[in-house]
$ cat final_14.pdb   # PDB, C-alpha atoms
MODEL        1
ATOM      1  CA  MET A  27      16.006  40.785  28.423
ATOM      2  CA  ASN A  28      19.273  38.845  28.325
ATOM      3  CA  ILE A  29      20.010  35.992  25.923
ATOM      4  CA  MET A  30      19.343  33.243  28.501
ATOM      5  CA  LYS A  31      15.911  34.667  29.257
ATOM      6  CA  LYS A  32      15.136  34.952  25.530
ATOM      7  CA  SER A  33      16.242  31.360  24.912
ATOM      8  CA  SER A  34      14.278  29.933  27.833
ATOM      9  CA  THR A  35      11.203  31.956  26.827
ATOM     10  CA  ALA A  36      11.440  30.566  23.290
ATOM     11  CA  LEU A  37      11.882  27.000  24.567
ATOM     12  CA  LEU A  38       8.860  27.429  26.831
ATOM     13  CA  LEU A  39       6.917  28.610  23.778
ATOM     14  CA  ILE A  40       7.962  25.479  21.852
ATOM     15  CA  ALA A  41       6.796  23.205  24.652
ATOM     16  CA  SER A  42       3.485  24.984  25.188
ATOM     17  CA  LEU A  43       2.657  25.018  21.470
ATOM     18  CA  ALA A  44       3.569  21.374  21.108
ATOM     19  CA  PHE A  45       1.486  20.305  24.105
ATOM     20  CA  ALA A  46      -1.474  22.420  22.978
ATOM     21  CA  GLY A  47      -2.229  19.873  20.250
ATOM     22  CA  CYS A  48      -2.352  16.932  22.667
ATOM     23  CA  ALA A  49      -5.828  15.732  23.470
ATOM     24  CA  SER A  50      -6.781  12.346  24.804
ATOM     25  CA  GLN A  51      -8.740  10.133  22.401
ATOM     26  CA  THR A  52      -9.352   7.051  24.513
ATOM     27  CA  GLY A  53     -12.548   5.063  24.131
ATOM     28  CA  SER A  54     -14.074   6.923  27.071
ATOM     29  CA  THR A  55     -13.103  10.448  25.940
ATOM     30  CA  PHE A  56     -15.480  12.360  23.707
ATOM     31  CA  SER A  57     -14.968  15.705  21.953
ATOM     32  CA  SER A  58     -17.423  18.516  22.626
ATOM     33  CA  GLY A  59     -18.822  17.958  19.114
ATOM     34  CA  GLN A  60     -19.627  14.335  19.971
ATOM     35  CA  ALA A  61     -21.457  15.163  23.188
ATOM     36  CA  ARG A  62     -25.241  15.112  22.954
ATOM     37  CA  THR A  63     -25.201  13.448  19.530
ATOM     38  CA  THR A  64     -26.574  10.029  18.682
ATOM     39  CA  GLN A  65     -24.242   7.187  17.843
ATOM     40  CA  THR A  66     -25.087   3.843  16.304
ATOM     41  CA  VAL A  67     -24.226   0.997  18.663
ATOM     42  CA  GLN A  68     -23.345  -2.521  17.484
ATOM     43  CA  MET A  69     -22.341  -5.428  19.684
ATOM     44  CA  GLY A  70     -19.421  -7.719  18.969
ATOM     45  CA  THR A  71     -16.430  -9.665  20.250
ATOM     46  CA  ILE A  72     -12.749  -8.705  20.181
ATOM     47  CA  THR A  73     -10.822 -11.101  17.930
ATOM     48  CA  ALA A  74      -7.408  -9.379  17.959
ATOM     49  CA  LEU A  75      -5.515  -6.606  19.753
ATOM     50  CA  ASN A  76      -2.374  -5.096  18.237
ATOM     51  CA  ASN A  77      -0.140  -2.268  19.383
ATOM     52  CA  ALA A  78      -0.392   0.873  17.292
ATOM     53  CA  THR A  79       1.238   4.279  17.214
ATOM     54  CA  ILE A  80      -0.948   7.304  16.541
ATOM     55  CA  GLN A  81       0.940  10.281  15.165
ATOM     56  CA  ASP A  82      -0.544  13.689  14.514
ATOM     57  CA  ASN A  83       0.939  15.618  11.618
ATOM     58  CA  ALA A  84       3.477  18.172  12.796
ATOM     59  CA  SER A  85       2.130  21.714  12.580
ATOM     60  CA  GLY A  86       5.510  23.346  12.026
ATOM     61  CA  LEU A  87       5.158  25.371  15.210
ATOM     62  CA  GLY A  88       7.855  23.341  16.951
ATOM     63  CA  ALA A  89      10.329  23.857  14.117
ATOM     64  CA  GLY A  90       9.510  27.567  13.864
ATOM     65  CA  ALA A  91       9.814  28.220  17.572
ATOM     66  CA  GLY A  92      12.983  26.105  17.701
ATOM     67  CA  ALA A  93      14.512  28.120  14.856
ATOM     68  CA  ILE A  94      13.785  31.353  16.714
ATOM     69  CA  ALA A  95      15.217  30.030  19.982
ATOM     70  CA  GLY A  96      18.276  28.622  18.211
ATOM     71  CA  GLY A  97      18.838  31.832  16.282
ATOM     72  CA  VAL A  98      18.657  33.900  19.466
ATOM     73  CA  ALA A  99      21.061  31.529  21.233
ATOM     74  CA  GLY A 100      23.366  31.465  18.195
ATOM     75  CA  SER A 101      23.488  35.261  18.061
ATOM     76  CA  THR A 102      25.597  35.233  21.224
ATOM     77  CA  ILE A 103      28.433  33.470  19.408
ATOM     78  CA  GLY A 104      31.260  35.547  17.920
ATOM     79  CA  GLY A 105      30.970  38.803  16.086
ATOM     80  CA  GLY A 106      30.674  39.888  12.427
ATOM     81  CA  ARG A 107      30.505  36.877  10.105
ATOM     82  CA  GLY A 108      30.928  34.500  13.026
ATOM     83  CA  ARG A 109      27.780  35.919  14.573
ATOM     84  CA  VAL A 110      25.828  35.459  11.310
ATOM     85  CA  LEU A 111      27.002  31.854  11.109
ATOM     86  CA  GLY A 112      26.070  31.379  14.769
ATOM     87  CA  VAL A 113      22.543  32.676  14.106
ATOM     88  CA  LEU A 114      22.117  30.479  11.015
ATOM     89  CA  GLY A 115      23.580  27.395  12.675
ATOM     90  CA  GLY A 116      21.572  27.972  15.845
ATOM     91  CA  ALA A 117      18.386  28.430  13.819
ATOM     92  CA  ALA A 118      19.002  25.196  11.890
ATOM     93  CA  VAL A 119      19.771  23.172  15.017
ATOM     94  CA  GLY A 120      16.834  24.777  16.862
ATOM     95  CA  ALA A 121      14.427  24.009  14.011
ATOM     96  CA  ALA A 122      15.504  20.356  13.965
ATOM     97  CA  ALA A 123      15.207  20.081  17.747
ATOM     98  CA  GLY A 124      11.818  21.839  17.789
ATOM     99  CA  HIS A 125      10.492  19.528  15.065
ATOM    100  CA  ALA A 126      11.732  16.446  16.963
ATOM    101  CA  ILE A 127      10.118  17.647  20.195
ATOM    102  CA  GLU A 128       6.804  18.385  18.479
ATOM    103  CA  SER A 129       6.817  14.991  16.716
ATOM    104  CA  ARG A 130       7.503  13.155  19.980
ATOM    105  CA  VAL A 131       4.758  15.069  21.803
ATOM    106  CA  ARG A 132       2.259  14.385  19.011
ATOM    107  CA  THR A 133       2.904  10.618  19.103
ATOM    108  CA  THR A 134       0.489   8.564  21.207
ATOM    109  CA  ASP A 135       0.420   4.922  22.278
ATOM    110  CA  GLY A 136      -2.563   3.261  20.618
ATOM    111  CA  VAL A 137      -4.214  -0.078  20.053
ATOM    112  CA  GLU A 138      -5.781  -1.605  16.949
ATOM    113  CA  ILE A 139      -8.894  -3.502  18.029
ATOM    114  CA  THR A 140     -10.301  -6.056  15.585
ATOM    115  CA  VAL A 141     -13.947  -6.855  16.255
ATOM    116  CA  LYS A 142     -16.295  -9.505  14.877
ATOM    117  CA  LEU A 143     -19.727  -7.919  15.055
ATOM    118  CA  ASP A 144     -22.803  -9.975  15.879
ATOM    119  CA  ASP A 145     -24.017  -9.448  12.289
ATOM    120  CA  GLY A 146     -20.899 -11.302  11.031
ATOM    121  CA  ALA A 147     -18.927  -8.278   9.800
ATOM    122  CA  THR A 148     -15.332  -7.842  10.977
ATOM    123  CA  LEU A 149     -13.787  -4.433  11.429
ATOM    124  CA  SER A 150     -10.822  -2.760  12.987
ATOM    125  CA  VAL A 151     -10.676   0.443  15.040
ATOM    126  CA  VAL A 152      -7.488   2.224  16.124
ATOM    127  CA  GLN A 153      -7.811   4.330  19.252
ATOM    128  CA  GLU A 154      -5.567   5.726  21.965
ATOM    129  CA  ARG A 155      -4.613   3.224  24.654
ATOM    130  CA  GLY A 156      -6.225   4.396  27.883
ATOM    131  CA  GLU A 157      -7.102   2.636  31.118
ATOM    132  CA  GLU A 158     -10.136   0.890  29.596
ATOM    133  CA  GLU A 159      -8.151  -0.303  26.556
ATOM    134  CA  ARG A 160      -5.373  -1.744  28.755
ATOM    135  CA  GLY A 161      -7.956  -4.072  30.317
ATOM    136  CA  MET A 162      -9.356  -5.354  27.009
ATOM    137  CA  ARG A 163      -8.707  -8.976  26.046
ATOM    138  CA  VAL A 164      -9.411 -11.140  23.006
ATOM    139  CA  GLY A 165     -12.863 -12.673  23.517
ATOM    140  CA  ASP A 166     -14.274  -9.654  25.418
ATOM    141  CA  ARG A 167     -17.788  -8.547  24.476
ATOM    142  CA  ILE A 168     -17.790  -4.906  23.392
ATOM    143  CA  ARG A 169     -19.948  -2.110  22.038
ATOM    144  CA  LEU A 170     -18.857  -0.439  18.813
ATOM    145  CA  LEU A 171     -20.014   3.190  18.720
ATOM    146  CA  ARG A 172     -20.222   4.841  15.300
ATOM    147  CA  GLY A 173     -20.807   8.549  14.893
ATOM    148  CA  ALA A 174     -22.487  10.231  11.956
ATOM    149  CA  ASP A 175     -19.124  11.877  11.200
ATOM    150  CA  GLY A 176     -17.560   8.465  10.439
ATOM    151  CA  SER A 177     -15.799   8.178  13.786
ATOM    152  CA  ALA A 178     -15.845   4.882  15.656
ATOM    153  CA  ARG A 179     -14.690   3.656  19.054
ATOM    154  CA  VAL A 180     -14.763   0.430  20.986
ATOM    155  CA  ARG A 181     -16.142   0.356  24.551
ATOM    156  CA  ARG A 182     -16.754  -2.471  26.976
TER     157      ARG A 182
ENDMDL
END

$ encode --input "final_14.pdb" --output "structure tokens"
Amino acid sequence: MNIMKKSSTALLLIASLAFAGCASQTGSTFSSGQARTTQTVQMGTITALNNATIQDNASGLGAGAGAIAGGVAGSTIGGGRGRVLGVLGGAAVGAAAGHAIESRVRTTDGVEITVKLDDGATLSVVQERGEEERGMRVGDRIRLLRGADGSARVRR
């Protein structure tokens, strides 16, 4: 396998590992653990909508795969000490690039929804901005779904 194939294989690995952690968490998307479970439903009215950014913690897979890809690419530079420096420099640059890619992939556009419940309580839920959330407006009547695991989501 030549160096270009090794580098592109490593970059493909970075991308696939980074995307593997991406799962939609919109108000209408439920995990398999939430299916067929009861949720408490409360009714309320949206009092505020604010943009939010949801960021998963980086797993380190992007940086690790980037370091490998960068080290392989750097090994093609020079010979002797120059080659060692190329591997080290390539690994450092690759790790930084892999971490940046993973962080960007694990960042999701979200919305903070503040709700005044019919019982008078006010609460806020942050969830991924999906099609349903894009249509929400202050004053909309909503259902607040609360799971036994402490999760909550706002639905129209």

$ closest_residue --input "final_14.pdb" --among "A:Ala91, A:Leu149, A:Ala99, A:Ile72" --to "A:Gly124" --atoms "all atoms listed in the file"
A:Ala91

$ closest_residue --input "final_14.pdb" --among "A:Val137, A:Leu143, A:Val180, A:Ile94" --to "A:Leu75" --atoms "all atoms listed in the file"
A:Val137

$ closest_residue --input "final_14.pdb" --among "A:Gly173, A:Gly146, A:Gly115, A:Gly96" --to "A:Gln65" --atoms "all atoms listed in the file"
A:Gly173

$ closest_residue --input "final_14.pdb" --among "A:Ser177, A:Leu170, A:Ala122, A:Gly116" --to "A:Ala147" --atoms "all atoms listed in the file"
A:Leu170

$ closest_residue --input "final_14.pdb" --among "A:Thr140, A:Asp145, A:Val98, A:Thr79" --to "A:Ala118" --atoms "all atoms listed in the file"
A:Val98

$ atom_distance --input "final_14.pdb" --atom1 "atom CA of A:Thr63" --atom2 "atom CA of A:Ala174"
8.7 Å

$ atom_distance --input "final_14.pdb" --atom1 "atom CA of A:Gly156" --atom2 "atom CA of A:Gln68"
21.2 Å

$ closest_residue --input "final_14.pdb" --among "A:Arg182, A:Thr102, A:Gly90, A:Ile80" --to "A:Arg163" --atoms "all atoms listed in the file"
A:Arg182

$ residues_around --input "final_14.pdb" --residues "A:Leu171" --least-positions-apart "4" --cutoff "6 Å" --atoms "only C-alpha atoms" --output "list in words"
Gln65, Thr66, Val67, Ala178 and Arg179 of chain A

$ resolve_selection --input "final_14.pdb" --expression "the PyMOL selection byres ((chain A and resi 158) around 8)" --output "VMD selection string"
chain A and resid 53 to 54 155 to 157 159 to 162 181 to 182

$ atom_distance --input "final_14.pdb" --atom1 "atom CA of A:Gly136" --atom2 "atom CA of A:Gly86"
23.3 Å

$ resolve_selection --input "final_14.pdb" --expression "the PyMOL selection byres ((chain A and resi 70) around 6)" --output "list in words"
Met69, Thr71, Lys142, Leu143, Asp144, Arg167 and Ile168 of chain A

$ write_last_selection --input "final_14.pdb" --atoms "C-alpha atoms" --output "PDB file, keeping the file's coordinate frame"
ATOM      1  CA  MET A  69     -22.341  -5.428  19.684  1.00  0.00           C
ATOM      2  CA  THR A  71     -16.430  -9.665  20.250  1.00  0.00           C
ATOM      3  CA  LYS A 142     -16.295  -9.505  14.877  1.00  0.00           C
ATOM      4  CA  LEU A 143     -19.727  -7.919  15.055  1.00  0.00           C
ATOM      5  CA  ASP A 144     -22.803  -9.975  15.879  1.00  0.00           C
ATOM      6  CA  ARG A 167     -17.788  -8.547  24.476  1.00  0.00           C
ATOM      7  CA  ILE A 168     -17.790  -4.906  23.392  1.00  0.00           C
TER       8      ILE A 168
END
